[in-house]
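Enquirer: Please read through the structure below; I'll follow up with questions.
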Amino acid sequence: MSSTAKNFDEKARGEFARLGTTRVHRGELLRHPVYTRFLHWSVAIFFILSLLTGFAIYSPWLFHWIAPLFGGGPRTRLLHPWFGVLFNVFFLFQFLNWFAPMAWTEADRRWTKRMRRYVTNEDRLESEDVGFFNGGQKLYFWAIVVSAILFLITGLLMWFDDVVPRWVVAVSYVIHDLAGLLMLAGFIIHVYEGTAHQPGTFRSMIDGTVTERWAWTHHPGWYRAITGRDAREDYEREKRRQEER
Ligand code: HEM
């Protein structure tokens with residue numbers, strides 16, 4: 001990433017830290033600063049608005065109950081591309097914010113090979129080499145990057161269909177809809193992972209913190225990097241303490 005983008009991101013983090021607060025209590029760690037939380041929820045709001053208006057346009061069956069929420073059919077069609085543009089704008093800043101921790105590594109390739117064990121909760125602790133984000137989270141992030149680019153290009157081609165050849169517009173419809181379905185599937189998995197599958201994750205996007213126990217369970221590499229302690233040792237110590245009680 002260019003140093004200008006990096007400087008901008010660092011400055012924005014600093015400004016937002018002054019606007020909001022993140023309290024980290026004993027036994028907790030800072031996971032997502034105010035700026036990251038602001039970007040994440042802005043992306044999420046405009047994604048959901050784009051999805052709802054998009055589905056209303058796509059399906060007449062959904063249209064009759066979603067479109068009235070946005071002031072009727074013509075207004076839903078008018079709003080959809082603007083929600084999409086705002087989703088792209090916020091996601092661009094989120095991209096800059098998360099570019100570094102989302103870099104794909106050898107550890108992520110190994111994680112994808114263990115994905116079945118992860119899904120079925122076979123291991124009590126994640127592997128030592130899982131850092132700030134795991135391979136699945138990175139796959140989701142990069143799928144959004146690709147989809148956001150596809151949404152933008154095909155969306156603009158459909159928006160200005162009076163100056164674009166008809167076959168290009170027709171192909172754009174198909175690509176736009178396929179990207180939408182991919183994102184919907186990713187979104188459903190993401191919400192499940194961020195809430196029910198991993199209790200204690202959701203609060204990281206609300207107050208910015210997680211417990212140390214959460215960190216050594218799901219992201220041992222990150223836990224070691226910020227505390228200097230070994231995740232498995234701390235887990236075993238905590239287990240013994242619980243058993244002695
Ligand atoms: C509305 C429901 C949503 C919930 C409950 C939710 C929850 C969360 C939580 C708790 C995290 C932090 C995970 C961690 O620190 O390990 C997170 C991260 C993230 N969120 Fe969301 N989110 C939602 C919507 C969205 C939407 C709509 C998008 C984009 C289209 C999105 C994109 C991401 C990405 C890329 C990450 C980082 C990678 C990951 O954790 O998968 N989220 N989300």
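To be explicit about the labels: the chains of the structure tokens are called A, B, and onward in the order shown, and within each one the residues are counted from 1, while ligands get numbers from 1 in the order they are shown.
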How close does region 45-144 of chain A get to region 6-30 of chain A? List, as JSON lines, each residue of region 45-144 of chain A within 9 Å, its nearest atom pair and the distance in Å to one decimal, counting only C-alpha atoms.

Expert:
```
{"residue": "A:Phe93", "atom": "CA", "partner": "A:Asp9", "partner_atom": "CA", "distance": 8.0}
{"residue": "A:Leu96", "atom": "CA", "partner": "A:Asp9", "partner_atom": "CA", "distance": 6.8}
{"residue": "A:Asn97", "atom": "CA", "partner": "A:Asp9", "partner_atom": "CA", "distance": 6.1}
```

Enquirer: Residues within 6 Å of ligand 1 (only C-alpha atoms and all ligand atoms), as number ranges by chain?

Expert: A: 43-44, 47, 137, 140-141, 190-191, 194, 201-202, 204-205

Enquirer: Enter the distance from CA of Leu184 (chain A) to CA of Leu51 (chain A), in Å, rounded to one decimal.

Expert: 8.0 Å

Enquirer: Just to confirm, what's the straight-line distance from CA of Trp216 (chain A) to CA of Asp129 (chain A) in Å (one decimal)?

Expert: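 Distance between the two atoms: 11.4 Å.
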
Enquirer: Output as a ChimeraX atom specification all residues of region 5-56 of chain A that backbone DSSP marks as alpha helix (DSSP H).

Expert: /A:5-19,34-56

Enquirer: What gap, in Å, lies between CA of Ser147 (chain A) and CA of Phe91 (chain A)?

Expert: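 Calculated distance between CA of Ser147 (chain A) and CA of Phe91 (chain A) is 11.1 Å.
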
Enquirer: With only C-alpha atoms as the counted atoms, please give the residues lying no more than 12 Å from Asn134 (chain A), apart from itself and same-chain residues fewer than 2 positions off, as a ChimeraX atom specification.

Expert: /A:101-112,114-115,118,126-132,136-141,193,215,218-222

Enquirer: With N, CA, C and O atoms kept, could you save the residues just selected as a CSV table (one decimal), in the first residue's frame?

Expert:
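Below is the file again10.csv, written as the result:
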```csv
chain,number,residue,atom,x,y,z
A,101,PRO,N,-3.4,-6.5,7.7
A,101,PRO,CA,-3.7,-7.7,8.3
A,101,PRO,C,-4.3,-8.8,7.4
A,101,PRO,O,-4.5,-9.9,7.8
A,102,MET,N,-4.8,-8.3,6.2
A,102,MET,CA,-5.5,-9.3,5.4
A,102,MET,C,-4.6,-9.9,4.3
A,102,MET,O,-5.0,-10.6,3.5
A,103,ALA,N,-3.3,-9.6,4.4
A,103,ALA,CA,-2.3,-10.2,3.5
A,103,ALA,C,-2.3,-11.7,3.6
A,103,ALA,O,-2.3,-12.2,4.8
A,104,TRP,N,-2.4,-12.4,2.5
A,104,TRP,CA,-2.5,-13.9,2.5
A,104,TRP,C,-1.1,-14.5,2.8
A,104,TRP,O,-0.1,-14.1,2.2
A,105,THR,N,-1.0,-15.5,3.7
A,105,THR,CA,0.3,-16.1,4.1
A,105,THR,C,0.2,-17.6,4.0
A,105,THR,O,-0.9,-18.2,3.8
A,106,GLU,N,1.3,-18.2,4.2
A,106,GLU,CA,1.4,-19.7,4.2
A,106,GLU,C,0.5,-20.3,5.3
A,106,GLU,O,-0.1,-21.3,5.1
A,107,ALA,N,0.4,-19.6,6.4
A,107,ALA,CA,-0.4,-20.0,7.6
A,107,ALA,C,-1.9,-20.1,7.1
A,107,ALA,O,-2.7,-21.0,7.6
A,108,ASP,N,-2.3,-19.2,6.3
A,108,ASP,CA,-3.7,-19.2,5.8
A,108,ASP,C,-4.0,-20.3,4.9
A,108,ASP,O,-5.1,-20.9,4.9
A,109,ARG,N,-3.0,-20.7,4.1
A,109,ARG,CA,-3.2,-21.9,3.2
A,109,ARG,C,-3.4,-23.1,4.1
A,109,ARG,O,-4.2,-23.9,3.8
A,110,ARG,N,-2.6,-23.2,5.2
A,110,ARG,CA,-2.7,-24.3,6.1
A,110,ARG,C,-4.1,-24.3,6.7
A,110,ARG,O,-4.7,-25.4,6.9
A,111,TRP,N,-4.6,-23.1,7.1
A,111,TRP,CA,-5.9,-23.0,7.7
A,111,TRP,C,-7.0,-23.5,6.8
A,111,TRP,O,-7.9,-24.2,7.2
A,112,THR,N,-6.9,-23.2,5.5
A,112,THR,CA,-8.0,-23.7,4.6
A,112,THR,C,-8.0,-25.2,4.5
A,112,THR,O,-9.0,-25.8,4.3
A,114,ARG,N,-7.5,-27.1,7.0
A,114,ARG,CA,-8.1,-27.5,8.3
A,114,ARG,C,-9.6,-27.0,8.4
A,114,ARG,O,-10.2,-27.2,9.5
A,115,MET,N,-10.1,-26.5,7.3
A,115,MET,CA,-11.4,-25.8,7.5
A,115,MET,C,-12.5,-26.7,8.0
A,115,MET,O,-13.3,-26.2,8.8
A,118,TYR,N,-12.4,-26.8,11.7
A,118,TYR,CA,-12.9,-25.5,12.2
A,118,TYR,C,-14.4,-25.4,12.2
A,118,TYR,O,-15.0,-25.1,13.2
A,126,GLU,N,-7.4,-22.8,18.3
A,126,GLU,CA,-6.9,-22.7,17.0
A,126,GLU,C,-5.4,-23.0,16.9
A,126,GLU,O,-4.8,-22.9,18.0
A,127,SER,N,-4.9,-23.2,15.7
A,127,SER,CA,-3.5,-23.5,15.6
A,127,SER,C,-2.7,-22.2,16.0
A,127,SER,O,-3.1,-21.1,15.8
A,128,GLU,N,-1.4,-22.5,16.5
A,128,GLU,CA,-0.5,-21.4,16.9
A,128,GLU,C,-0.3,-20.3,15.9
A,128,GLU,O,0.1,-19.2,16.2
A,129,ASP,N,-0.4,-20.7,14.6
A,129,ASP,CA,0.0,-19.8,13.5
A,129,ASP,C,-1.2,-18.9,13.0
A,129,ASP,O,-1.1,-18.2,12.1
A,130,VAL,N,-2.3,-19.0,13.7
A,130,VAL,CA,-3.5,-18.1,13.3
A,130,VAL,C,-3.3,-16.7,14.0
A,130,VAL,O,-3.4,-16.6,15.2
A,131,GLY,N,-3.1,-15.7,13.1
A,131,GLY,CA,-2.8,-14.4,13.6
A,131,GLY,C,-4.1,-13.5,13.8
A,131,GLY,O,-5.2,-14.1,14.2
A,132,PHE,N,-4.0,-12.3,13.5
A,132,PHE,CA,-5.2,-11.3,13.7
A,132,PHE,C,-6.5,-11.8,13.0
A,132,PHE,O,-7.5,-11.8,13.6
A,136,GLY,N,-10.2,-18.0,6.7
A,136,GLY,CA,-11.6,-17.9,6.3
A,136,GLY,C,-12.0,-16.4,6.3
A,136,GLY,O,-12.7,-16.0,5.3
A,137,GLN,N,-11.6,-15.7,7.3
A,137,GLN,CA,-11.9,-14.2,7.3
A,137,GLN,C,-11.3,-13.5,6.2
A,137,GLN,O,-11.8,-12.6,5.6
A,138,LYS,N,-10.0,-13.9,5.9
A,138,LYS,CA,-9.3,-13.3,4.7
A,138,LYS,C,-10.0,-13.6,3.4
A,138,LYS,O,-10.1,-12.8,2.5
A,139,LEU,N,-10.4,-14.9,3.3
A,139,LEU,CA,-11.1,-15.3,2.0
A,139,LEU,C,-12.4,-14.4,1.9
A,139,LEU,O,-12.7,-13.9,0.8
A,140,TYR,N,-13.1,-14.2,3.0
A,140,TYR,CA,-14.3,-13.4,2.9
A,140,TYR,C,-14.0,-11.9,2.5
A,140,TYR,O,-14.6,-11.4,1.6
A,141,PHE,N,-12.9,-11.4,3.1
A,141,PHE,CA,-12.5,-10.0,2.8
A,141,PHE,C,-12.2,-9.9,1.3
A,141,PHE,O,-12.7,-9.0,0.6
A,193,GLU,N,-20.8,-16.6,11.9
A,193,GLU,CA,-19.4,-16.7,12.5
A,193,GLU,C,-19.2,-15.6,13.5
A,193,GLU,O,-18.6,-15.9,14.6
A,215,ALA,N,-9.2,-14.5,22.7
A,215,ALA,CA,-8.0,-14.3,21.8
A,215,ALA,C,-7.1,-15.5,21.8
A,215,ALA,O,-6.7,-15.9,20.7
A,218,HIS,N,-9.2,-18.3,19.6
A,218,HIS,CA,-9.4,-18.1,18.2
A,218,HIS,C,-8.2,-17.6,17.4
A,218,HIS,O,-8.1,-17.8,16.2
A,219,HIS,N,-7.4,-16.8,18.1
A,219,HIS,CA,-6.3,-16.2,17.3
A,219,HIS,C,-5.0,-16.2,18.2
A,219,HIS,O,-4.4,-15.2,18.6
A,220,PRO,N,-4.5,-17.5,18.4
A,220,PRO,CA,-3.3,-17.6,19.3
A,220,PRO,C,-2.1,-16.8,18.8
A,220,PRO,O,-1.3,-16.3,19.7
A,221,GLY,N,-1.9,-16.7,17.5
A,221,GLY,CA,-0.7,-16.0,17.0
A,221,GLY,C,-0.8,-14.5,17.3
A,221,GLY,O,0.2,-13.9,17.7
A,222,TRP,N,-2.0,-14.0,17.2
A,222,TRP,CA,-2.2,-12.6,17.6
A,222,TRP,C,-2.0,-12.4,19.1
A,222,TRP,O,-1.4,-11.4,19.5
```

Enquirer: For Phe187 (chain A), which residue among A:Ile226, A:Ala100, A:Leu150, A:Ile144 is the nearest when counting only C-alpha atoms?

Expert: A:Ile144

Enquirer: Leaving out region 70-81 of chain A and any residue of its chain fewer than 3 positions from it, which residues lie within 6 Å of it when counting only C-alpha atoms, given as a list in words?

Expert: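 Here the qualifying residues turn out to be Ser50, Thr53, Ala67 and Gly84 of chain A.
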
Enquirer: Rank A:Tyr58, A:Phe83, A:Phe133, A:Trp214 by their smallest atom-to-atom distance to Tyr173 (chain A), using only C-alpha atoms, and report the top residue only.

Expert: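 Closest residue, counting only C-alpha atoms: A:Tyr58.
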
Enquirer: Identify which of the residues A:Met158, A:Leu125, A:Val210, A:Ile48 lies closest to Ile188 (chain A), counting only C-alpha atoms when measuring atom-to-atom distances.

Expert: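 Looking at the shortest contact to Ile188 (chain A), the residue is A:Ile48.
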